[in-house]
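K.L.:
Just one file: final_38.txt, with compact mmCIF, C-alpha atoms.
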# COMPACT_ATOMS: atom_id res chain seq x y z
CA MET X 1 62.53 107.03 93.58
CA HIS X 2 65.84 108.82 93.03
CA GLN X 3 66.26 109.99 89.44
CA ASN X 4 69.74 108.42 89.11
CA ARG X 5 68.66 104.97 90.23
CA LYS X 6 69.45 102.24 87.69
CA CYS X 7 67.76 98.97 86.97
CA GLY X 8 69.48 95.68 87.66
CA ASN X 9 71.95 94.08 85.25
CA ALA X 10 73.36 90.63 84.57
CA ARG X 11 75.73 90.60 87.52
CA TYR X 12 73.51 92.59 89.85
CA PRO X 13 69.90 91.52 89.28
CA LYS X 14 67.47 93.84 91.01
CA ARG X 15 65.96 92.31 94.15
CA LYS X 16 62.27 92.66 94.97
CA ASP X 17 63.07 93.99 98.46
CA GLU X 18 65.63 96.49 97.21
CA ARG X 19 65.07 100.00 98.56
CA TYR X 20 66.66 103.38 97.95
CA MET X 21 70.11 103.72 99.51
CA LYS X 22 72.63 106.55 99.54
CA VAL X 23 76.31 105.78 100.10
CA VAL X 24 79.02 108.37 100.70
CA VAL X 25 82.53 107.35 99.63
CA LEU X 26 85.43 109.19 101.24
CA GLY X 27 88.29 109.63 98.79
CA ALA X 28 88.59 109.77 94.98
CA GLY X 29 91.77 107.80 94.48
CA VAL X 30 91.70 104.51 92.58
CA ILE X 31 90.22 102.72 95.61
CA GLY X 32 87.42 105.23 96.17
CA VAL X 33 86.55 105.51 92.48
CA THR X 34 86.35 101.75 91.89
CA THR X 35 84.20 101.38 95.02
CA ALA X 36 81.89 104.15 93.84
CA TYR X 37 81.63 102.65 90.35
CA TYR X 38 80.66 99.19 91.59
CA LEU X 39 78.13 100.66 94.01
CA ALA X 40 76.57 102.70 91.22
CA LYS X 41 76.38 99.58 89.03
CA GLN X 42 74.01 98.20 91.64
CA GLY X 43 71.69 101.18 91.32
CA ILE X 44 72.87 102.89 94.51
CA ASP X 45 72.98 106.66 94.88
CA VAL X 46 76.66 107.50 95.46
CA THR X 47 78.48 110.68 96.45
CA VAL X 48 82.29 110.85 96.52
CA ILE X 49 84.12 113.54 98.50
CA ASP X 50 87.77 114.46 97.91
CA ARG X 51 89.98 117.43 98.71
CA GLN X 52 91.66 117.43 95.29
CA ARG X 53 90.31 119.12 92.16
CA GLU X 54 89.69 115.80 90.38
CA ALA X 55 90.12 112.05 90.78
CA GLY X 56 93.45 110.26 91.23
CA LEU X 57 95.72 113.16 92.17
CA GLU X 58 97.40 111.75 95.28
CA THR X 59 98.82 108.22 95.75
CA SER X 60 97.17 107.08 92.49
CA PHE X 61 98.83 109.81 90.43
CA ALA X 62 102.31 108.50 89.49
CA ASN X 63 102.79 105.14 91.17
CA ALA X 64 104.85 102.32 89.68
CA GLY X 65 102.17 101.30 87.17
CA GLU X 66 102.40 97.64 88.15
CA LEU X 67 99.38 95.36 88.33
CA SER X 68 101.33 92.92 90.45
CA TYR X 69 99.11 89.93 91.08
CA GLY X 70 101.92 87.42 91.42
CA MET X 71 104.18 90.00 93.09
CA SER X 72 101.62 90.67 95.84
CA SER X 73 103.85 90.12 98.85
CA PRO X 74 104.12 91.74 102.27
CA TRP X 75 107.17 93.82 103.03
CA ALA X 76 107.34 91.98 106.35
CA ALA X 77 109.21 88.85 105.29
CA PRO X 78 111.88 86.51 106.66
CA GLY X 79 115.28 88.16 106.53
CA VAL X 80 113.95 91.69 106.06
CA PRO X 81 115.26 93.09 109.40
CA LYS X 82 118.80 91.99 108.46
CA LYS X 83 118.41 93.32 104.92
CA ALA X 84 117.07 96.62 106.26
CA LEU X 85 120.28 97.23 108.18
CA LYS X 86 122.30 96.67 104.99
CA TRP X 87 119.98 98.92 102.98
CA LEU X 88 120.57 101.79 105.39
CA LEU X 89 124.27 101.68 104.45
CA MET X 90 123.72 101.70 100.68
CA ARG X 91 124.29 104.85 98.68
CA HIS X 92 121.08 104.37 96.71
CA ARG X 93 119.23 102.70 99.54
CA PRO X 94 115.71 101.29 99.24
CA LEU X 95 114.89 102.27 102.83
CA THR X 96 115.37 105.43 104.88
CA ILE X 97 114.10 105.75 108.44
CA TRP X 98 113.95 109.15 110.08
CA PRO X 99 114.04 108.76 113.89
CA LEU X 100 110.93 110.80 114.64
CA LEU X 101 109.55 111.18 118.15
CA SER X 102 106.40 109.37 117.08
CA PRO X 103 104.93 106.55 119.20
CA THR X 104 102.66 105.71 116.26
CA MET X 105 105.61 105.18 113.94
CA TRP X 106 107.58 103.02 116.36
CA SER X 107 104.52 100.97 117.33
CA TRP X 108 103.82 100.32 113.65
CA GLY X 109 107.46 99.33 113.08
CA LEU X 110 107.49 96.85 115.97
CA LYS X 111 104.29 95.24 114.71
CA MET X 112 105.86 94.89 111.29
CA LEU X 113 108.93 93.19 112.76
CA ARG X 114 106.67 90.64 114.48
CA ASN X 115 105.40 89.64 111.03
CA CYS X 116 108.89 88.97 109.66
CA ASP X 117 108.86 85.19 109.94
CA GLU X 118 107.90 82.43 107.54
CA LEU X 119 104.55 81.59 109.16
CA HIS X 120 103.29 85.18 109.14
CA TYR X 121 104.69 85.74 105.66
CA ARG X 122 102.81 82.77 104.19
CA THR X 123 99.59 83.75 105.94
CA ASN X 124 99.77 87.39 104.91
CA LYS X 125 100.82 86.65 101.33
CA SER X 126 97.95 84.17 100.94
CA ARG X 127 95.49 86.88 101.99
CA MET X 128 97.04 89.34 99.58
CA VAL X 129 97.04 86.86 96.68
CA ARG X 130 93.36 86.11 97.37
CA ILE X 131 92.33 89.72 96.82
CA SER X 132 94.87 90.31 94.03
CA ASN X 133 93.75 87.35 91.93
CA TYR X 134 90.14 88.40 92.37
CA SER X 135 91.12 91.91 91.31
CA ARG X 136 92.82 90.56 88.19
CA ASP X 137 89.55 88.92 87.13
CA ALA X 138 87.51 92.00 88.06
CA LEU X 139 89.71 94.24 85.90
CA THR X 140 89.36 91.80 83.00
CA ASP X 141 85.57 92.02 83.32
CA LEU X 142 85.67 95.80 83.60
CA CYS X 143 87.81 96.21 80.49
CA SER X 144 85.37 94.05 78.54
CA GLU X 145 82.51 96.33 79.62
CA LEU X 146 84.07 99.78 79.23
CA PRO X 147 86.30 101.50 76.62
CA LEU X 148 89.15 102.21 79.05
CA ASP X 149 92.53 103.25 77.64
CA PHE X 150 95.26 103.38 80.29
CA ASP X 151 98.38 102.10 78.51
CA ARG X 152 97.64 98.53 79.57
CA ARG X 153 100.05 95.75 78.68
CA ASP X 154 99.71 92.07 79.60
CA LEU X 155 103.37 91.07 79.45
CA GLY X 156 104.10 90.09 83.05
CA THR X 157 106.59 91.32 85.63
CA LEU X 158 110.27 90.39 85.69
CA GLN X 159 111.84 90.33 89.14
CA LEU X 160 115.52 90.82 88.31
CA PHE X 161 118.23 89.30 90.50
CA ARG X 162 121.73 90.76 90.49
CA LYS X 163 123.04 88.03 92.82
CA GLU X 164 122.66 84.24 93.05
CA LYS X 165 121.58 84.59 96.70
CA GLN X 166 118.51 86.55 95.58
CA LEU X 167 117.56 83.82 93.15
CA GLU X 168 117.89 81.21 95.88
CA ALA X 169 115.85 83.31 98.32
CA SER X 170 112.99 83.46 95.81
CA MET X 171 112.23 79.77 96.50
CA LEU X 172 109.86 80.77 99.33
CA ASP X 173 107.90 82.99 96.95
CA GLN X 174 107.84 80.23 94.36
CA ASP X 175 106.29 77.82 96.88
CA VAL X 176 103.51 80.27 97.69
CA LEU X 177 102.93 81.07 94.01
CA ARG X 178 102.50 77.34 93.29
CA GLU X 179 100.12 77.00 96.23
CA PHE X 180 97.86 79.74 94.87
CA VAL X 181 98.22 78.82 91.21
CA SER X 182 99.95 82.07 90.24
CA PRO X 183 101.92 81.31 87.05
CA PHE X 184 105.63 82.08 86.99
CA GLU X 185 108.88 81.21 85.25
CA VAL X 186 112.41 81.03 86.66
CA LEU X 187 114.71 82.59 84.05
CA ASP X 188 118.43 82.50 83.41
CA ARG X 189 120.26 85.51 81.98
CA ASP X 190 119.40 84.75 78.34
CA ALA X 191 115.73 84.18 79.14
CA CYS X 192 115.62 87.53 80.98
CA ILE X 193 116.93 89.20 77.83
CA ALA X 194 114.33 87.40 75.75
CA ALA X 195 111.61 88.82 78.03
CA GLU X 196 113.21 92.29 78.20
CA PRO X 197 115.48 92.80 75.15
CA GLY X 198 116.69 96.16 76.48
CA LEU X 199 118.73 94.27 79.08
CA ALA X 200 121.04 93.06 76.32
CA HIS X 201 123.11 96.21 76.90
CA VAL X 202 123.84 95.32 80.55
CA THR X 203 124.21 91.53 80.65
CA GLU X 204 126.96 91.63 83.28
CA LYS X 205 124.68 93.27 85.86
CA PHE X 206 122.28 90.40 86.61
CA VAL X 207 122.23 86.61 86.93
CA GLY X 208 118.59 85.71 86.36
CA GLY X 209 115.02 86.47 87.29
CA LEU X 210 111.56 85.36 88.31
CA ARG X 211 108.87 86.26 85.78
CA LEU X 212 105.25 86.55 86.92
CA THR X 213 103.46 85.86 83.67
CA ALA X 214 99.93 86.93 84.71
CA ASP X 215 100.97 90.41 85.85
CA ARG X 216 100.03 93.51 83.88
CA THR X 217 101.02 97.15 83.63
CA GLY X 218 98.98 100.32 83.25
CA ASP X 219 98.70 103.97 84.18
CA CYS X 220 96.71 104.14 87.41
CA ARG X 221 95.98 107.85 87.09
CA LYS X 222 94.54 107.45 83.57
CA PHE X 223 92.42 104.52 84.72
CA THR X 224 91.11 106.37 87.76
CA SER X 225 90.22 109.47 85.76
CA GLN X 226 88.41 107.53 83.05
CA LEU X 227 86.53 105.34 85.50
CA SER X 228 85.40 108.42 87.44
CA HIS X 229 83.79 109.70 84.25
CA GLU X 230 82.10 106.33 83.70
CA ALA X 231 80.85 106.49 87.30
CA GLU X 232 79.41 109.95 86.65
CA LYS X 233 77.47 108.49 83.71
CA LEU X 234 75.88 106.10 86.22
CA GLY X 235 74.85 109.03 88.41
CA VAL X 236 77.74 109.26 90.88
CA THR X 237 78.24 112.77 92.28
CA PHE X 238 81.84 113.85 92.84
CA ARG X 239 82.39 116.69 95.30
CA TYR X 240 85.94 117.91 94.70
CA ASN X 241 87.96 120.64 96.46
CA GLU X 242 86.27 119.66 99.72
CA THR X 243 88.20 118.55 102.79
CA ILE X 244 86.70 115.99 105.16
CA ARG X 245 87.00 117.13 108.78
CA ASN X 246 85.07 114.62 110.87
CA LEU X 247 82.70 111.68 110.92
CA ILE X 248 79.56 112.55 112.86
CA VAL X 249 78.42 109.80 115.24
CA GLU X 250 74.87 109.70 116.54
CA ASN X 251 73.10 106.82 118.29
CA GLY X 252 75.92 104.35 117.62
CA LYS X 253 76.17 104.92 113.88
CA ILE X 254 77.57 107.42 111.38
CA ALA X 255 75.03 110.18 110.80
CA GLY X 256 77.08 112.22 108.36
CA ILE X 257 80.35 113.76 107.25
CA ALA X 258 81.50 117.22 108.30
CA THR X 259 83.61 118.95 105.65
CA ASP X 260 85.14 122.40 105.36
CA ARG X 261 82.06 123.38 103.36
CA ASP X 262 79.04 121.51 104.58
CA ARG X 263 77.62 118.36 106.12
CA GLU X 264 76.83 115.34 103.94
CA THR X 265 74.42 112.68 105.12
CA GLY X 266 73.90 109.16 103.86
CA ASP X 267 72.73 105.68 104.76
CA ARG X 268 76.18 104.09 104.57
CA PHE X 269 79.74 105.35 104.36
CA VAL X 270 82.97 103.89 102.94
CA CYS X 271 86.37 105.20 104.01
CA CYS X 272 88.92 105.06 101.17
CA LEU X 273 91.36 107.73 102.32
CA GLY X 274 94.60 105.77 102.13
CA SER X 275 97.16 106.94 104.69
CA TYR X 276 94.72 109.53 106.02
CA SER X 277 92.13 106.89 106.94
CA ALA X 278 93.89 106.25 110.25
CA VAL X 279 93.90 109.97 111.10
CA LEU X 280 90.18 110.42 110.47
CA LEU X 281 89.04 107.15 112.05
CA ARG X 282 91.06 107.72 115.22
CA LYS X 283 88.68 110.60 116.01
CA ILE X 284 85.80 108.15 116.46
CA GLY X 285 87.75 105.46 118.32
CA ILE X 286 88.84 103.23 115.43
CA ARG X 287 92.60 102.71 115.69
CA LEU X 288 94.16 101.25 112.57
CA PRO X 289 97.93 100.67 112.32
CA ILE X 290 98.13 102.29 108.91
CA TYR X 291 101.24 104.39 108.49
CA PRO X 292 102.41 106.45 105.49
CA VAL X 293 105.51 105.11 103.75
CA LYS X 294 106.80 107.70 101.34
CA GLY X 295 107.82 106.66 97.85
CA TYR X 296 109.23 108.42 94.81
CA SER X 297 108.89 108.13 91.06
CA ILE X 298 110.05 109.71 87.84
CA THR X 299 108.32 109.61 84.46
CA LEU X 300 110.46 110.05 81.36
CA PRO X 301 109.92 109.84 77.59
CA VAL X 302 111.05 106.77 75.66
CA THR X 303 113.91 107.55 73.28
CA ASP X 304 114.53 104.07 71.87
CA PRO X 305 111.55 101.66 72.08
CA ASP X 306 113.79 98.61 71.61
CA ALA X 307 116.16 99.64 74.41
CA ALA X 308 113.34 100.55 76.81
CA PRO X 309 111.47 98.13 79.09
CA GLN X 310 108.56 96.30 77.46
CA SER X 311 106.62 95.67 80.68
CA THR X 312 107.58 95.97 84.37
CA LEU X 313 110.97 95.06 85.76
CA MET X 314 111.55 94.97 89.51
CA ASP X 315 115.18 95.38 90.55
CA GLU X 316 115.42 93.18 93.64
CA THR X 317 118.59 94.87 94.91
CA TYR X 318 117.26 98.42 94.95
CA LYS X 319 113.55 97.58 95.21
CA VAL X 320 112.84 99.84 92.24
CA ALA X 321 110.22 99.13 89.56
CA ILE X 322 110.71 100.22 85.95
CA THR X 323 107.51 100.17 83.90
CA ARG X 324 106.64 100.89 80.27
CA LEU X 325 103.56 103.08 79.93
CA GLY X 326 103.01 103.70 76.23
CA ASP X 327 105.68 106.15 75.09
CA ARG X 328 106.80 106.81 78.68
CA ILE X 329 108.83 105.00 81.33
CA ARG X 330 107.77 105.13 84.97
CA VAL X 331 110.47 104.39 87.55
CA ALA X 332 109.30 104.09 91.17
CA GLY X 333 110.62 102.92 94.48
CA GLN X 334 112.23 103.77 97.81
CA ALA X 335 110.64 103.56 101.22
CA GLU X 336 111.05 106.60 103.39
CA ILE X 337 109.55 106.47 106.86
CA ILE X 338 109.12 110.13 107.73
CA GLY X 339 105.45 110.57 108.62
CA TYR X 340 103.00 112.67 106.61
CA ASN X 341 105.66 114.42 104.60
CA HIS X 342 105.13 115.45 100.95
CA ARG X 343 108.38 117.33 100.44
CA LEU X 344 110.17 116.59 97.17
CA GLY X 345 113.81 117.48 97.79
CA LYS X 346 116.49 118.21 95.19
CA HIS X 347 118.09 114.75 95.38
CA ALA X 348 114.98 112.80 96.37
CA THR X 349 114.78 110.80 93.13
CA ASP X 350 118.51 110.04 92.79
CA ALA X 351 117.99 106.33 93.57
CA VAL X 352 115.30 105.70 90.94
CA ARG X 353 117.28 107.70 88.39
CA HIS X 354 120.34 105.58 89.11
CA VAL X 355 118.49 102.30 88.53
CA VAL X 356 116.91 103.22 85.19
CA ASN X 357 120.24 104.58 83.95
CA ASP X 358 121.98 101.42 85.14
CA LEU X 359 119.63 98.92 83.47
CA PHE X 360 118.15 100.80 80.49
CA PRO X 361 120.78 103.44 79.68
CA LYS X 362 119.54 103.93 76.11
CA GLY X 363 115.81 103.55 76.72
CA GLY X 364 114.70 106.97 77.90
CA ASP X 365 115.72 110.57 78.46
CA VAL X 366 116.26 111.05 82.20
CA SER X 367 117.04 114.74 81.67
CA LYS X 368 113.34 115.23 80.84
CA ALA X 369 112.03 113.21 83.79
CA GLU X 370 109.16 114.50 85.93
CA ASP X 371 109.60 113.90 89.67
CA TRP X 372 106.81 112.85 92.04
CA THR X 373 106.31 111.64 95.58
CA GLY X 374 103.38 109.95 97.31
CA LEU X 375 102.40 108.27 100.56
CA ARG X 376 101.68 104.54 100.58
CA PRO X 377 99.13 103.48 103.26
CA MET X 378 100.99 100.55 104.83
CA THR X 379 99.75 98.08 107.43
CA PRO X 380 102.30 96.12 109.53
CA ASP X 381 101.28 92.80 107.95
CA GLY X 382 100.98 94.17 104.42
CA THR X 383 97.32 93.25 103.93
CA PRO X 384 94.61 95.87 103.30
CA VAL X 385 91.78 96.62 105.72
CA LEU X 386 88.44 95.72 104.16
CA GLY X 387 84.92 95.31 105.49
CA GLY X 388 82.79 96.53 108.35
CA THR X 389 83.49 98.29 111.63
CA GLN X 390 81.82 98.59 115.04
CA PHE X 391 79.58 101.18 113.38
CA LYS X 392 77.12 99.14 111.36
CA ASN X 393 76.94 101.68 108.51
CA LEU X 394 80.67 102.43 108.22
CA PHE X 395 82.88 100.31 105.94
CA LEU X 396 86.58 100.34 105.13
CA ASN X 397 88.55 99.92 101.92
CA THR X 398 92.03 101.13 102.78
CA GLY X 399 95.58 100.21 103.80
CA HIS X 400 96.67 98.66 100.49
CA GLY X 401 100.28 99.83 100.78
CA THR X 402 102.09 99.59 97.42
CA LEU X 403 99.30 97.47 95.93
CA GLY X 404 96.32 99.82 95.74
CA TRP X 405 96.38 99.78 91.93
CA THR X 406 96.75 96.00 91.88
CA MET X 407 93.91 95.36 94.34
CA ALA X 408 91.59 98.24 93.41
CA CYS X 409 89.03 96.49 91.23
CA GLY X 410 88.80 93.42 93.46
CA SER X 411 88.55 95.26 96.76
CA GLY X 412 86.21 97.85 95.23
CA ARG X 413 83.84 95.20 93.91
CA ALA X 414 83.93 93.08 97.07
CA VAL X 415 83.39 96.02 99.44
CA ALA X 416 80.60 97.39 97.24
CA ASP X 417 78.85 94.03 97.49
CA LEU X 418 79.20 94.05 101.26
CA VAL X 419 77.92 97.63 101.57
CA SER X 420 74.89 96.90 99.41
CA GLY X 421 73.95 93.80 101.38
CA ARG X 422 75.11 91.25 98.83
CA LYS X 423 77.49 88.43 99.66
CA PRO X 424 81.01 89.21 98.37
CA GLU X 425 82.53 86.64 96.02
CA ILE X 426 85.66 86.36 98.17
CA SER X 427 86.17 85.89 101.89
CA PHE X 428 87.18 88.84 104.07
CA GLU X 429 88.81 86.51 106.60
CA GLY X 430 92.02 88.11 107.86
CA LEU X 431 91.29 91.38 106.06
CA GLU X 432 88.86 93.08 108.45
CA ALA X 433 89.70 95.77 111.00
CA SER X 434 88.73 93.38 113.80
CA ARG X 435 92.11 91.63 113.40
CA TYR X 436 93.69 94.57 115.19
CA LEU X 437 91.41 94.44 118.24
Output the file's structure in the form of structure tokens.
P.N.:
Amino acid sequence: MHQNRKCGNARYPKRKDERYMKVVVLGAGVIGVTTAYYLAKQGIDVTVIDRQREAGLETSFANAGELSYGMSSPWAAPGVPKKALKWLLMRHRPLTIWPLLSPTMWSWGLKMLRNCDELHYRTNKSRMVRISNYSRDALTDLCSELPLDFDRRDLGTLQLFRKEKQLEASMLDQDVLREFVSPFEVLDRDACIAAEPGLAHVTEKFVGGLRLTADRTGDCRKFTSQLSHEAEKLGVTFRYNETIRNLIVENGKIAGIATDRDRETGDRFVCCLGSYSAVLLRKIGIRLPIYPVKGYSITLPVTDPDAAPQSTLMDETYKVAITRLGDRIRVAGQAEIIGYNHRLGKHATDAVRHVVNDLFPKGGDVSKAEDWTGLRPMTPDGTPVLGGTQFKNLFLNTGHGTLGWTMACGSGRAVADLVSGRKPEISFEGLEASRYL
């Protein structure tokens, strides 16, 4: 028996027929690390491979910090095509599209447009809320088990409306939130200030808001790093500074992973490579419409705690999130469709800087802000890709878009159950790769 194998526990009682299993997880972002942790909790031998020097250094590094259970919504929504045209004309626009000669990009965009109606929106949001609500409960359980410190706050998310039309348009979201029992409050200007007192300095700039009371905030990078160390305590092996080149297929299943250093074998494999999942899987005939949507963030020190945000505020006009993370403020947003591009230009963060200065002018010191950019792994319908593939020992946990941090614990726990042969506690209906066949 492998020396790292654990005995069963309350949630994962050891079965009599349980045999040794080795699982290789591809990727050490928040999705890969949560998957590895939940697999290890079941006594499985786990190896994680990542090209970075440690966990959580790519898309998980400086995202918005939102745990957006109630805000889990697809970008493909009614009215978005019309809004997108207006956004392209804004000075601090939420969306930039570079007209690349890329059939993959344009195919992905057309598929997204086909999801921009009320029927698709309701269906896709319901699938997202299913996994998000499960993830909320999974994170609660995890925090009760482990001493994790990641600047967590349980103060909700305030979606801020600068115009009455935005407040009226939120009725569709409110209907879906009621349907899935996601608690919310519709707030007038004074109630918004009560929730976020820092807004008292800019009362003329908004008319009201929608507050998602069950949402949380937290530093995804801190969480990922700490959970990777907890996973190591359970016997998980992390192979860093190692680039995955190919999946090796033999006799209709995955026989191993070829890296720039070696070959790693295992019984089962889980792909958690975010935007790069599509690139790797295409080599073995799995075509996923996951496309990178570039986003930007800044992180700045709090100068006046009372004038800074207390939780997360989402500016509906600019699609920018402003989040309190301890003694820092994280400001994130923008959607730049430019392929696999990591360039951080001189004026790249102008939009997010504008929004935090506009709404919380006395809260933080923008002159000391640290800039960052990352690639969100977006699917056309907004829902992640979870579950099995045509290769019986290859599983997917990818394509979470802007909601990887929100969905990480839920998708990690559910996929780990599936990989180990246990029945997941939520349905994968509408989430599997087979929906694209």
K.L.:
Within 9 Å of (122.9, 89.5, 88.8), in the coordinates the file gives, what residues turn up when you count all atoms listed in the file, written out as a count of residues only?
P.N.:
15
K.L.:
Kindly give the distance, in Å, that separates CA of Val23 in chain X and CA of Arg245 in chain X, rounded to a single decimal.
P.N.:
17.8 Å
K.L.:
Set the distance at 10 Å and use all atoms listed in the file: which residues neighbour Phe391 in chain X once local chain neighbours fewer than 6 positions away are removed? I'd like the list as an MDAnalysis selection string.
P.N.:
chainID X and resid 249 251:254 268:269 284 286
K.L.:
I'd like the contact shell of Trp405 in chain X - 8 Å cut-off, all atoms listed in the file, skipping same-chain residues fewer than 6 positions apart - returned as a PyMOL selection string.
P.N.:
chain X and resi 30-31+60+65-67+220
K.L.:
Closest to Trp372 in chain X among X:Leu418, X:Val25, X:Leu146, X:Val331, using only C-alpha atoms?
P.N.:
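Once distances to Trp372 in chain X are computed over only C-alpha atoms, the minimum belongs to X:Val331.
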K.L.:
Rounded to one decimal place, report the CA of Cys143 in chain X-CA of Ser182 in chain X distance in Å.
P.N.:
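Computing the Euclidean distance for CA of Cys143 in chain X and CA of Ser182 in chain X yields 21.0 Å.
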K.L.:
Which residue gives the smallest distance to Glu232 in chain X among X:Leu431, X:Val48, X:Leu85, X:Ala408, with all atoms listed in the file counted?
P.N.:
X:Val48
K.L.:
I want to know what sits within 7 Å of Gly295 in chain X, based on all atoms listed in the file, with residues of the same chain fewer than 5 positions away left out; could you give that as a PyMOL selection string?
P.N.:
chain X and resi 333-336+373-375
K.L.:
For those residues, write C-alpha atoms to a file as a compact mmCIF listing (two decimals), in the coordinates of the input.
P.N.:
# COMPACT_ATOMS: atom_id res chain seq x y z
CA GLY X 333 110.62 102.92 94.48
CA GLN X 334 112.23 103.77 97.81
CA ALA X 335 110.64 103.56 101.22
CA GLU X 336 111.05 106.60 103.39
CA THR X 373 106.31 111.64 95.58
CA GLY X 374 103.38 109.95 97.31
CA LEU X 375 102.40 108.27 100.56
K.L.:
Env of Gly79 in chain X: 10 Å cut, atoms = only C-alpha atoms, seq-sep filter 5 positions within chain, self excluded. Answer as a PDB file with C-alpha atoms, keeping the file's coordinate frame.
P.N.:
ATOM      1  CA  ALA X  84     117.070  96.620 106.260  1.00  0.00           C
ATOM      2  CA  CYS X 116     108.890  88.970 109.660  1.00  0.00           C
ATOM      3  CA  ASP X 117     108.860  85.190 109.940  1.00  0.00           C
ATOM      4  CA  GLU X 118     107.900  82.430 107.540  1.00  0.00           C
ATOM      5  CA  ALA X 169     115.850  83.310  98.320  1.00  0.00           C
TER       6      ALA X 169
END
K.L.:
From the options X:Ser420, X:Leu113, X:Thr265, X:Arg51, which residue's atoms come nearest to Pro81 in chain X, counting only C-alpha atoms?
P.N.:
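Under the stated criterion, the closest residue is X:Leu113.
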K.L.:
How close does range 73-169 of chain X get to range 302-318 of chain X? List, as JSON lines, each residue of range 73-169 of chain X within 10 Å, its nearest atom pair and the distance in Å to one decimal, counting all atoms listed in the file.
P.N.:
{"residue": "X:Trp87", "atom": "CA", "partner": "X:Tyr318", "partner_atom": "CA", "distance": 8.5}
{"residue": "X:Met90", "atom": "CA", "partner": "X:Tyr318", "partner_atom": "CA", "distance": 9.2}
{"residue": "X:His92", "atom": "CA", "partner": "X:Tyr318", "partner_atom": "CA", "distance": 7.3}
{"residue": "X:Arg93", "atom": "CA", "partner": "X:Tyr318", "partner_atom": "CA", "distance": 6.6}
{"residue": "X:Pro94", "atom": "CA", "partner": "X:Tyr318", "partner_atom": "CA", "distance": 5.4}
{"residue": "X:Leu95", "atom": "CA", "partner": "X:Tyr318", "partner_atom": "CA", "distance": 9.1}
{"residue": "X:Arg152", "atom": "CA", "partner": "X:Ser311", "partner_atom": "CA", "distance": 9.5}
{"residue": "X:Arg153", "atom": "CA", "partner": "X:Ser311", "partner_atom": "CA", "distance": 6.9}
{"residue": "X:Asp154", "atom": "CA", "partner": "X:Ser311", "partner_atom": "CA", "distance": 7.9}
{"residue": "X:Leu155", "atom": "CA", "partner": "X:Ser311", "partner_atom": "CA", "distance": 5.8}
{"residue": "X:Gly156", "atom": "CA", "partner": "X:Ser311", "partner_atom": "CA", "distance": 6.6}
{"residue": "X:Thr157", "atom": "CA", "partner": "X:Thr312", "partner_atom": "CA", "distance": 4.9}
{"residue": "X:Leu158", "atom": "CA", "partner": "X:Leu313", "partner_atom": "CA", "distance": 4.7}
{"residue": "X:Gln159", "atom": "CA", "partner": "X:Met314", "partner_atom": "CA", "distance": 4.7}
{"residue": "X:Leu160", "atom": "CA", "partner": "X:Asp315", "partner_atom": "CA", "distance": 5.1}
{"residue": "X:Phe161", "atom": "CA", "partner": "X:Glu316", "partner_atom": "CA", "distance": 5.7}
{"residue": "X:Arg162", "atom": "CA", "partner": "X:Thr317", "partner_atom": "CA", "distance": 6.8}
{"residue": "X:Lys163", "atom": "CA", "partner": "X:Thr317", "partner_atom": "CA", "distance": 8.4}
{"residue": "X:Gln166", "atom": "CA", "partner": "X:Glu316", "partner_atom": "CA", "distance": 7.6}
{"residue": "X:Leu167", "atom": "CA", "partner": "X:Glu316", "partner_atom": "CA", "distance": 9.6}
K.L.:
State, in Å with one decimal place, the distance from CA of Gly109 in chain X to CA of Pro380 in chain X.
P.N.:
7.0 Å
K.L.:
From the set X:His201, X:Leu119, X:Asp151, X:Ala195, which residue has the shortest atom-to-atom contact distance to Leu172 in chain X, counting all atoms listed in the file?
P.N.:
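Smallest distance to Leu172 in chain X is found for X:Leu119.
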K.L.:
Distance cut-off 10 Å, centre (90.7, 93.0, 113.1) in file coordinates, counting only C-alpha atoms: which residues qualify? Return them as a list of chain:residue names.
P.N.:
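Protein, DNA and RNA residues close to (90.7, 93.0, 113.1): X:Leu288, X:Val385, X:Leu386, X:Gly387, X:Gly388, X:Thr389, X:Glu429, X:Gly430, X:Leu431, X:Glu432, X:Ala433, X:Ser434, X:Arg435, X:Tyr436, X:Leu437.
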K.L.:
So, counting all atoms listed in the file, which residue among X:Arg413, X:Arg127, X:Arg263, X:Arg328 is closest to Pro301 in chain X?
P.N.:
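Checking each candidate against Pro301 in chain X, we get X:Arg328 as the closest.
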K.L.:
Residues near Gln226 in chain X, anyone? I mean within 9 Å using only C-alpha atoms, not counting same-chain ones fewer than 4 positions away, as a PyMOL selection string.
P.N.:
chain X and resi 148-150+221-222+230-231
K.L.:
Measuring atom to atom with only C-alpha atoms, identify which of X:Val202, X:Leu403, X:Ala77, X:Ala414 is nearest to Met128 in chain X.
P.N.:
X:Leu403
K.L.:
Using all atoms of range 403-409 of chain X that appear in the file, construct an axis-aligned enclosing box with 8 Å of padding on every side and provide its centre coordinates and edge lengths in Å, rounded to one decimal, as lines of an AutoDock Vina configuration file.
P.N.:
center_x = 94.2
center_y = 97.6
center_z = 93.6
size_x = 26.3
size_y = 20.5
size_z = 20.7
